[in-house]
Amino acid sequence: MEQLFASLADGLLIGFVYGLAAMGLTLIFGVMDVINLGHGPIIALGMFGVFFFAGSTGWGLNPYLALVIVAVLGLIFGMIMYFVAVHRVLNAPHLSSLLSTFSVNMMIIGVGTALFTTSPRNLEFSLGSLQLGPVNLLGTRVMAALIAVLVTAVLYVFLYRTQPGKAIRAVANNRDAAELMGIPSTKMLALSFGLGTMLAAIAGGLIATFFSFNILAGGVYELKSFVIVVLGGLGNPTGALIGGLILGAMEGVVPTFMPVSWVPVIEFVLFVVILLVRPTGLLGGR
Amino acid sequence: MTTSRMQDNIILQVQNVSKRFGGLLAVSEVTFDLPKGQILGLIGPNGAGKTTLFNVINGVYTPTEGQITFRGTDISGWKPYDVVGLGLARTHQIVRPLNDLTVLENVMAGACYGHESHSLTEAEVIALEVMEFVGLHERRNLLAASLNVAQKKRLEMARALASRPYLLLLDEVLAGLNPTEIAEMVEVVLKIREQGVSIFIIEHVMHALMNVSDRIIVLDYGQLIAEGTPDEIVDNPKVIEAYLGDPALAEKLMSGS
Amino acid sequence: MKSWKYPALWLTVGVVLAGGLIPVITGSKIMRESMFLILMAVTMASSLNILLGYAGYVSFGHIVFFGLGGYVGFYLIAEQGWNLIPAALAGGLASGVLALLLGIALLRLRGAYFALATIGINEAMRTFINNFNLFGGPIGMELNFIVYQDYGGAANMQWLTYWLMFGVTIIAVLMSYGVKFSRFGLGLMSIREDEDAAMAMGIHTPKVKTMAYILSAILPGIIGVIFFFRNSSVQPAGAFRLHRSIEMIVMVMLGGQGTVQGPLVGAALYEALRSYLLTSPLFKDLQLAIAGVLLLLIILFVPSGVIGWLRHRFKGLWRVLE
């Protein structure tokens, strides 16, 4: 029983980070109907970013300070990616944007493999651990969950309380109408794409504080993000966070009942079933 | 005895049909008959539910309530492809031909999968005949994408006709055409009827509709508010009231007589 | 049907025959190995094109059929002692059945939802096989080399499997052509252009789409068996590599989706480029990145692919380039 609680708590903490990554994917989909297949490698870039700025072989900054730099770079990267690979295919059939974002995936993985090889990296970093009754939590994971919640809160304030945030929501609702109202839709689309990749990069950076990684590591989290996004409803950021918690909890609890290698089978079967039965997500309305 | 003979003469019977989208009642308890060989016009202000009614009849939507009987078969809730199989074809308001295929191939697709289900060779014969009929014969080897609006409307009509229907639903085939093109199209519609095909037609070009229809029904906010011959419809105060929100259209309607 | 009226068919089959016979005539093993990969790519791309190019449905996880068929056939050979040919057919059958089941369930989804679901299916299958002890779990299965004695030894087996792949490729190209110029193909292309209009024209869209899905799955299943038999081993990661799925799409796009010759040209170009990059000391590590740049350039500037572009550019070649 104690074991179960410990796994559940651990799973939920990671679930916040999964949710953050998925939020990046779902934000982009919600605003411009594009599924960013470059999501995974961008998560990996976030990991390498923190490694570079905070690792002992890099600048040696505090990892959370490094995370701020990674976030800014993630935002810029996404905006550039929008103009290079996404803008021209926004009105083309879905296949075009799927492939153009995937082409970015290939470029990052290709260059990343050439530069960093695929041997695992590890950020030697620890925040000790936290004892809550019988449950022992790793400090880095608690911190990651807190930061994920903080970033989500900031995102919501941005989307609902600020001018550009409102403009993004208007563009997401109806691009033509927003443009008629004088909202520069292209800028807003680029900004939302940047926000999406920023969230992915932050999630990657947080994961790097407690797991080892290589340039291919983002792929796993990309697939998890798909599952989460579908759980929470495509295009729904709150749903993504809750979906992340569900997935994290599942990953914590399921291995106490069956071999851990069955977890992804359950995840993907669940993913397909939800797509079929309720494509708007468990939380999504009609 | 009498009712069954009546039934024989009715090709399409719509009884108490409603279609609800969430809180919106797009079509509300509509009832009417379409006798064999007639041209029935359907008018109503924008958003009155005309196209929705078409979509319910040909199976794009399942009716929330009510029954649709086509040639004695209850087709309520059937899929569009099964409805076509029984001999009920339609055209669409927004024409979207298969752009990467030739005009001929477009029409052949209609014949292949229509109510008689033909092989490619047979379909080609039918397609050529139908294209002659609607006046697209010279353009048969052009890409559908290269046609102008009027020609695309003809193509849409040819595709529907190639399925050899007993009943044809025409959704605004005259919209966007110039007066000459309208006259030509009206000609085609009348010729189709001469071949024994019944027609149910939505149209905004009133004077043309008044000329071709045997009877007209009027929808407003999803409800059937009037039914009668073109003359009766023009004089019906309810109809004029329904169009009052759109004076230009009311004007057109009046001048149509 | 007078076949001389169809120059595109003759050109297509002629090119495949000529290409496939080069290693046979020269007897070069190196050439045979690279041609084997090209033929395999052509078959995969042509099969995918039936769904992607003709029906307009983007299957991102198409490699699942290659993997599953390969696994089933390999199991029958390695564990049940079947001969390669019936095992290959069984692999194709398994993929076809999977496509039938998936078709009924998945093809209701449109656009991005369908694409996502196919990724999910591939990953579910990969992770499931990883746990499936009958198929060797994460380690996969290996073939005892003694088995090759039945095929005249390892050297002979390599020629035999080459000929089989060659034959399957010709079937793939003929199928691609046959479908495109059939009543069925006309139905598929109607669905691609406008699915709702297609339904209103009387096309039983669920049935037609499922048929296309099955047709696009069978040959990948068969060549999966041939490929893994030749390799003498099969593992989950190699059989269900999502990346290969996307490479298939790239080949179809590069050559021109919805054309018969497009997948052929695209597959050959892509394989040639890849083997050049892999062997070039300068680009070896950047192979993937360069392929990515190429893909992006195609999508942005030549979305109709090589054949589509040529057809558009030189209208006189329409009957030759299909």
# chains A, B, ... in the order shown; residues from 1 in each chain; ligands from 1
>>> interface_residues(of="chain A", to="chain C", cutoff="6 Å", atoms="only C-alpha atoms", output="JSON, numbers by chain")
{"A": [100, 103, 106, 107, 110, 111, 114, 265, 268, 269, 272]}
>>> closest_atom_pairs(of="chain B", to="chain C", cutoff="8 Å", atoms="only C-alpha atoms", output="CSV")
residue,atom,partner,partner_atom,distance
B:Asn58,CA,C:Ala200,CA,7.5
B:Val60,CA,C:Ala200,CA,8.0
B:Pro80,CA,C:Ala200,CA,5.2
B:Tyr81,CA,C:Gly202,CA,3.8
B:Asp82,CA,C:Gly202,CA,6.7
B:Val83,CA,C:Gly202,CA,7.5
B:Val84,CA,C:Gly202,CA,5.0
B:Gly85,CA,C:Gly202,CA,6.3
B:Ala89,CA,C:Met201,CA,7.1
B:Arg90,CA,C:Ala200,CA,7.0
B:His92,CA,C:Ala197,CA,7.9
B:Arg96,CA,C:Asp194,CA,7.1
B:Pro97,CA,C:Glu193,CA,7.6
B:Leu98,CA,C:Glu193,CA,5.6
B:Asn99,CA,C:Glu193,CA,7.5
B:Glu105,CA,C:Leu186,CA,7.8
B:Ala109,CA,C:Leu186,CA,6.1
B:Gly110,CA,C:Met201,CA,5.7
B:Cys112,CA,C:Arg183,CA,6.7
B:Tyr113,CA,C:Gly202,CA,5.1
B:Gly114,CA,C:Gly202,CA,5.4
B:His115,CA,C:Gly202,CA,7.5
B:Ser119,CA,C:Arg183,CA,6.7
B:Leu120,CA,C:Arg183,CA,5.8
B:Arg159,CA,C:Met201,CA,7.7
B:Ala160,CA,C:Met201,CA,6.9
B:Ser163,CA,C:Met201,CA,7.6
>>> residues_around(residues="segment 197-210 of chain A", least_positions_apart="2", cutoff="8 Å", atoms="only C-alpha atoms", output="ChimeraX atom specification")
/A:17-18,20-25,39-40,42-51,63,67,70-75,77-78,122-123,125-126,140-141,144,148,193-195,212-213,218
>>> atom_distance(atom1="atom CA of Val14 of chain B", atom2="atom CA of Asp235 of chain B")
24.9 Å
>>> residues_around(residues="Met131 of chain B", least_positions_apart="5", cutoff="7 Å", atoms="only C-alpha atoms", output="PyMOL selection string")
chain B and resi 136-137+158
>>> closest_residue(among="B:Leu25, B:Ala226, B:Val239, B:Ile217", to="Leu42 of chain B", atoms="only C-alpha atoms")
B:Ile217
>>> select_by_dssp(residues="segment 27-56 of chain A", states="helix (DSSP H, G or I)", output="list of chain:residue names")
A:Leu27, A:Ile28, A:Phe29, A:Gly30, A:Val31, A:Met32, A:His39, A:Gly40, A:Pro41, A:Ile42, A:Ile43, A:Ala44, A:Leu45, A:Gly46, A:Met47, A:Phe48, A:Gly49, A:Val50, A:Phe51, A:Phe52, A:Phe53, A:Ala54
>>> write_last_selection(atoms="C-alpha atoms", output="mmCIF file, in the first residue's frame")
data_model
loop_
_atom_site.group_PDB
_atom_site.id
_atom_site.type_symbol
_atom_site.label_atom_id
_atom_site.label_comp_id
_atom_site.auth_asym_id
_atom_site.auth_seq_id
_atom_site.Cartn_x
_atom_site.Cartn_y
_atom_site.Cartn_z
ATOM 1 C CA LEU A 27 -1.807 24.940 -27.912
ATOM 2 C CA ILE A 28 -0.428 24.861 -31.447
ATOM 3 C CA PHE A 29 -3.175 22.525 -32.594
ATOM 4 C CA GLY A 30 -5.848 24.624 -30.948
ATOM 5 C CA VAL A 31 -4.684 27.841 -32.547
ATOM 6 C CA MET A 32 -3.777 26.716 -36.060
ATOM 7 C CA HIS A 39 7.637 18.347 -30.856
ATOM 8 C CA GLY A 40 9.854 15.501 -29.627
ATOM 9 C CA PRO A 41 13.183 16.844 -30.871
ATOM 10 C CA ILE A 42 12.317 20.263 -29.445
ATOM 11 C CA ILE A 43 11.804 18.619 -26.052
ATOM 12 C CA ALA A 44 15.244 17.045 -26.568
ATOM 13 C CA LEU A 45 16.707 20.439 -27.444
ATOM 14 C CA GLY A 46 15.309 21.719 -24.145
ATOM 15 C CA MET A 47 17.166 18.928 -22.375
ATOM 16 C CA PHE A 48 20.411 19.752 -24.152
ATOM 17 C CA GLY A 49 19.878 23.442 -23.511
ATOM 18 C CA VAL A 50 19.759 22.953 -19.760
ATOM 19 C CA PHE A 51 22.687 20.547 -20.021
ATOM 20 C CA PHE A 52 24.701 23.138 -21.904
ATOM 21 C CA PHE A 53 23.961 26.079 -19.606
ATOM 22 C CA ALA A 54 23.931 24.184 -16.323
#
>>> decode(residues="segment 157-172 of chain A", atoms="all heavy atoms", output="PDB file, in the first residue's frame")
ATOM      1  N   VAL A 157      -2.780  33.313 -17.455  1.00  0.00           N
ATOM      2  CA  VAL A 157      -2.880  34.759 -17.270  1.00  0.00           C
ATOM      3  C   VAL A 157      -2.587  35.456 -18.600  1.00  0.00           C
ATOM      4  O   VAL A 157      -3.290  36.377 -19.005  1.00  0.00           O
ATOM      5  CB  VAL A 157      -1.892  35.230 -16.177  1.00  0.00           C
ATOM      6  CG1 VAL A 157      -1.832  36.757 -16.149  1.00  0.00           C
ATOM      7  CG2 VAL A 157      -2.329  34.694 -14.829  1.00  0.00           C
ATOM      8  N   PHE A 158      -1.560  34.948 -19.292  1.00  0.00           N
ATOM      9  CA  PHE A 158      -1.199  35.557 -20.572  1.00  0.00           C
ATOM     10  C   PHE A 158      -2.355  35.454 -21.569  1.00  0.00           C
ATOM     11  O   PHE A 158      -2.733  36.434 -22.198  1.00  0.00           O
ATOM     12  CB  PHE A 158       0.046  34.877 -21.136  1.00  0.00           C
ATOM     13  CG  PHE A 158       0.399  35.328 -22.511  1.00  0.00           C
ATOM     14  CD1 PHE A 158       0.994  36.566 -22.724  1.00  0.00           C
ATOM     15  CD2 PHE A 158       0.116  34.523 -23.615  1.00  0.00           C
ATOM     16  CE1 PHE A 158       1.295  36.996 -23.997  1.00  0.00           C
ATOM     17  CE2 PHE A 158       0.420  34.958 -24.891  1.00  0.00           C
ATOM     18  CZ  PHE A 158       1.011  36.190 -25.082  1.00  0.00           C
ATOM     19  N   LEU A 159      -2.950  34.263 -21.674  1.00  0.00           N
ATOM     20  CA  LEU A 159      -3.987  34.057 -22.695  1.00  0.00           C
ATOM     21  C   LEU A 159      -5.275  34.800 -22.370  1.00  0.00           C
ATOM     22  O   LEU A 159      -5.997  35.223 -23.264  1.00  0.00           O
ATOM     23  CB  LEU A 159      -4.293  32.570 -22.853  1.00  0.00           C
ATOM     24  CG  LEU A 159      -3.262  31.720 -23.604  1.00  0.00           C
ATOM     25  CD1 LEU A 159      -3.698  30.259 -23.636  1.00  0.00           C
ATOM     26  CD2 LEU A 159      -3.065  32.229 -25.025  1.00  0.00           C
ATOM     27  N   TYR A 160      -5.589  34.952 -21.064  1.00  0.00           N
ATOM     28  CA  TYR A 160      -6.890  35.516 -20.717  1.00  0.00           C
ATOM     29  C   TYR A 160      -6.846  36.952 -20.223  1.00  0.00           C
ATOM     30  O   TYR A 160      -7.857  37.615 -20.140  1.00  0.00           O
ATOM     31  CB  TYR A 160      -7.592  34.617 -19.690  1.00  0.00           C
ATOM     32  CG  TYR A 160      -8.117  33.366 -20.324  1.00  0.00           C
ATOM     33  CD1 TYR A 160      -7.297  32.256 -20.501  1.00  0.00           C
ATOM     34  CD2 TYR A 160      -9.426  33.299 -20.804  1.00  0.00           C
ATOM     35  CE1 TYR A 160      -7.771  31.110 -21.121  1.00  0.00           C
ATOM     36  CE2 TYR A 160      -9.917  32.168 -21.423  1.00  0.00           C
ATOM     37  CZ  TYR A 160      -9.074  31.074 -21.574  1.00  0.00           C
ATOM     38  OH  TYR A 160      -9.545  29.948 -22.197  1.00  0.00           O
ATOM     39  N   ARG A 161      -5.646  37.424 -19.824  1.00  0.00           N
ATOM     40  CA  ARG A 161      -5.612  38.746 -19.217  1.00  0.00           C
ATOM     41  C   ARG A 161      -4.794  39.774 -20.001  1.00  0.00           C
ATOM     42  O   ARG A 161      -4.746  40.925 -19.630  1.00  0.00           O
ATOM     43  CB  ARG A 161      -5.030  38.655 -17.790  1.00  0.00           C
ATOM     44  CG  ARG A 161      -5.907  37.917 -16.807  1.00  0.00           C
ATOM     45  CD  ARG A 161      -6.917  38.839 -16.151  1.00  0.00           C
ATOM     46  NE  ARG A 161      -7.724  38.117 -15.184  1.00  0.00           N
ATOM     47  CZ  ARG A 161      -8.863  37.490 -15.500  1.00  0.00           C
ATOM     48  NH1 ARG A 161      -9.310  37.511 -16.730  1.00  0.00           N
ATOM     49  NH2 ARG A 161      -9.542  36.849 -14.570  1.00  0.00           N
ATOM     50  N   THR A 162      -4.088  39.332 -21.025  1.00  0.00           N
ATOM     51  CA  THR A 162      -3.250  40.292 -21.746  1.00  0.00           C
ATOM     52  C   THR A 162      -3.758  40.480 -23.176  1.00  0.00           C
ATOM     53  O   THR A 162      -4.462  39.624 -23.709  1.00  0.00           O
ATOM     54  CB  THR A 162      -1.779  39.831 -21.823  1.00  0.00           C
ATOM     55  OG1 THR A 162      -1.731  38.704 -22.697  1.00  0.00           O
ATOM     56  CG2 THR A 162      -1.224  39.471 -20.473  1.00  0.00           C
ATOM     57  N   GLN A 163      -3.362  41.585 -23.751  1.00  0.00           N
ATOM     58  CA  GLN A 163      -3.790  41.916 -25.105  1.00  0.00           C
ATOM     59  C   GLN A 163      -3.354  40.860 -26.133  1.00  0.00           C
ATOM     60  O   GLN A 163      -4.184  40.330 -26.858  1.00  0.00           O
ATOM     61  CB  GLN A 163      -3.254  43.312 -25.466  1.00  0.00           C
ATOM     62  CG  GLN A 163      -4.127  44.054 -26.452  1.00  0.00           C
ATOM     63  CD  GLN A 163      -5.583  44.145 -25.972  1.00  0.00           C
ATOM     64  OE1 GLN A 163      -5.873  44.399 -24.817  1.00  0.00           O
ATOM     65  NE2 GLN A 163      -6.507  43.913 -26.892  1.00  0.00           N
ATOM     66  N   PRO A 164      -2.045  40.539 -26.184  1.00  0.00           N
ATOM     67  CA  PRO A 164      -1.638  39.528 -27.181  1.00  0.00           C
ATOM     68  C   PRO A 164      -2.300  38.178 -26.925  1.00  0.00           C
ATOM     69  O   PRO A 164      -2.650  37.470 -27.874  1.00  0.00           O
ATOM     70  CB  PRO A 164      -0.119  39.428 -27.015  1.00  0.00           C
ATOM     71  CG  PRO A 164       0.264  40.321 -25.900  1.00  0.00           C
ATOM     72  CD  PRO A 164      -0.903  41.126 -25.479  1.00  0.00           C
ATOM     73  N   GLY A 165      -2.512  37.855 -25.656  1.00  0.00           N
ATOM     74  CA  GLY A 165      -3.164  36.581 -25.340  1.00  0.00           C
ATOM     75  C   GLY A 165      -4.570  36.536 -25.904  1.00  0.00           C
ATOM     76  O   GLY A 165      -4.987  35.555 -26.519  1.00  0.00           O
ATOM     77  N   LYS A 166      -5.291  37.642 -25.714  1.00  0.00           N
ATOM     78  CA  LYS A 166      -6.651  37.702 -26.237  1.00  0.00           C
ATOM     79  C   LYS A 166      -6.638  37.643 -27.760  1.00  0.00           C
ATOM     80  O   LYS A 166      -7.495  37.028 -28.382  1.00  0.00           O
ATOM     81  CB  LYS A 166      -7.348  38.974 -25.753  1.00  0.00           C
ATOM     82  CG  LYS A 166      -7.711  38.889 -24.281  1.00  0.00           C
ATOM     83  CD  LYS A 166      -8.339  40.189 -23.790  1.00  0.00           C
ATOM     84  CE  LYS A 166      -8.635  40.104 -22.301  1.00  0.00           C
ATOM     85  NZ  LYS A 166      -8.968  41.406 -21.730  1.00  0.00           N
ATOM     86  N   ALA A 167      -5.637  38.294 -28.335  1.00  0.00           N
ATOM     87  CA  ALA A 167      -5.532  38.283 -29.796  1.00  0.00           C
ATOM     88  C   ALA A 167      -5.309  36.851 -30.290  1.00  0.00           C
ATOM     89  O   ALA A 167      -5.899  36.422 -31.277  1.00  0.00           O
ATOM     90  CB  ALA A 167      -4.389  39.189 -30.254  1.00  0.00           C
ATOM     91  N   ILE A 168      -4.458  36.105 -29.568  1.00  0.00           N
ATOM     92  CA  ILE A 168      -4.222  34.716 -29.968  1.00  0.00           C
ATOM     93  C   ILE A 168      -5.522  33.926 -29.917  1.00  0.00           C
ATOM     94  O   ILE A 168      -5.839  33.147 -30.821  1.00  0.00           O
ATOM     95  CB  ILE A 168      -3.170  34.057 -29.038  1.00  0.00           C
ATOM     96  CG1 ILE A 168      -1.774  34.575 -29.390  1.00  0.00           C
ATOM     97  CG2 ILE A 168      -3.212  32.536 -29.157  1.00  0.00           C
ATOM     98  CD1 ILE A 168      -0.680  34.019 -28.531  1.00  0.00           C
ATOM     99  N   ARG A 169      -6.294  34.159 -28.853  1.00  0.00           N
ATOM    100  CA  ARG A 169      -7.542  33.395 -28.755  1.00  0.00           C
ATOM    101  C   ARG A 169      -8.511  33.794 -29.859  1.00  0.00           C
ATOM    102  O   ARG A 169      -9.246  32.950 -30.379  1.00  0.00           O
ATOM    103  CB  ARG A 169      -8.161  33.568 -27.372  1.00  0.00           C
ATOM    104  CG  ARG A 169      -7.341  32.815 -26.310  1.00  0.00           C
ATOM    105  CD  ARG A 169      -8.076  32.725 -25.003  1.00  0.00           C
ATOM    106  NE  ARG A 169      -8.371  34.042 -24.467  1.00  0.00           N
ATOM    107  CZ  ARG A 169      -9.568  34.429 -24.064  1.00  0.00           C
ATOM    108  NH1 ARG A 169     -10.580  33.588 -24.126  1.00  0.00           N
ATOM    109  NH2 ARG A 169      -9.750  35.636 -23.611  1.00  0.00           N
ATOM    110  N   ALA A 170      -8.488  35.054 -30.232  1.00  0.00           N
ATOM    111  CA  ALA A 170      -9.361  35.491 -31.323  1.00  0.00           C
ATOM    112  C   ALA A 170      -8.944  34.821 -32.632  1.00  0.00           C
ATOM    113  O   ALA A 170      -9.780  34.329 -33.396  1.00  0.00           O
ATOM    114  CB  ALA A 170      -9.291  37.005 -31.470  1.00  0.00           C
ATOM    115  N   VAL A 171      -7.623  34.765 -32.868  1.00  0.00           N
ATOM    116  CA  VAL A 171      -7.127  34.151 -34.094  1.00  0.00           C
ATOM    117  C   VAL A 171      -7.481  32.659 -34.116  1.00  0.00           C
ATOM    118  O   VAL A 171      -7.856  32.098 -35.136  1.00  0.00           O
ATOM    119  CB  VAL A 171      -5.603  34.350 -34.223  1.00  0.00           C
ATOM    120  CG1 VAL A 171      -5.033  33.517 -35.349  1.00  0.00           C
ATOM    121  CG2 VAL A 171      -5.305  35.824 -34.457  1.00  0.00           C
ATOM    122  N   ALA A 172      -7.385  32.029 -32.920  1.00  0.00           N
ATOM    123  CA  ALA A 172      -7.707  30.607 -32.838  1.00  0.00           C
ATOM    124  C   ALA A 172      -9.171  30.383 -33.171  1.00  0.00           C
ATOM    125  O   ALA A 172      -9.537  29.404 -33.822  1.00  0.00           O
ATOM    126  CB  ALA A 172      -7.407  30.081 -31.436  1.00  0.00           C
TER     127      ALA A 172
END
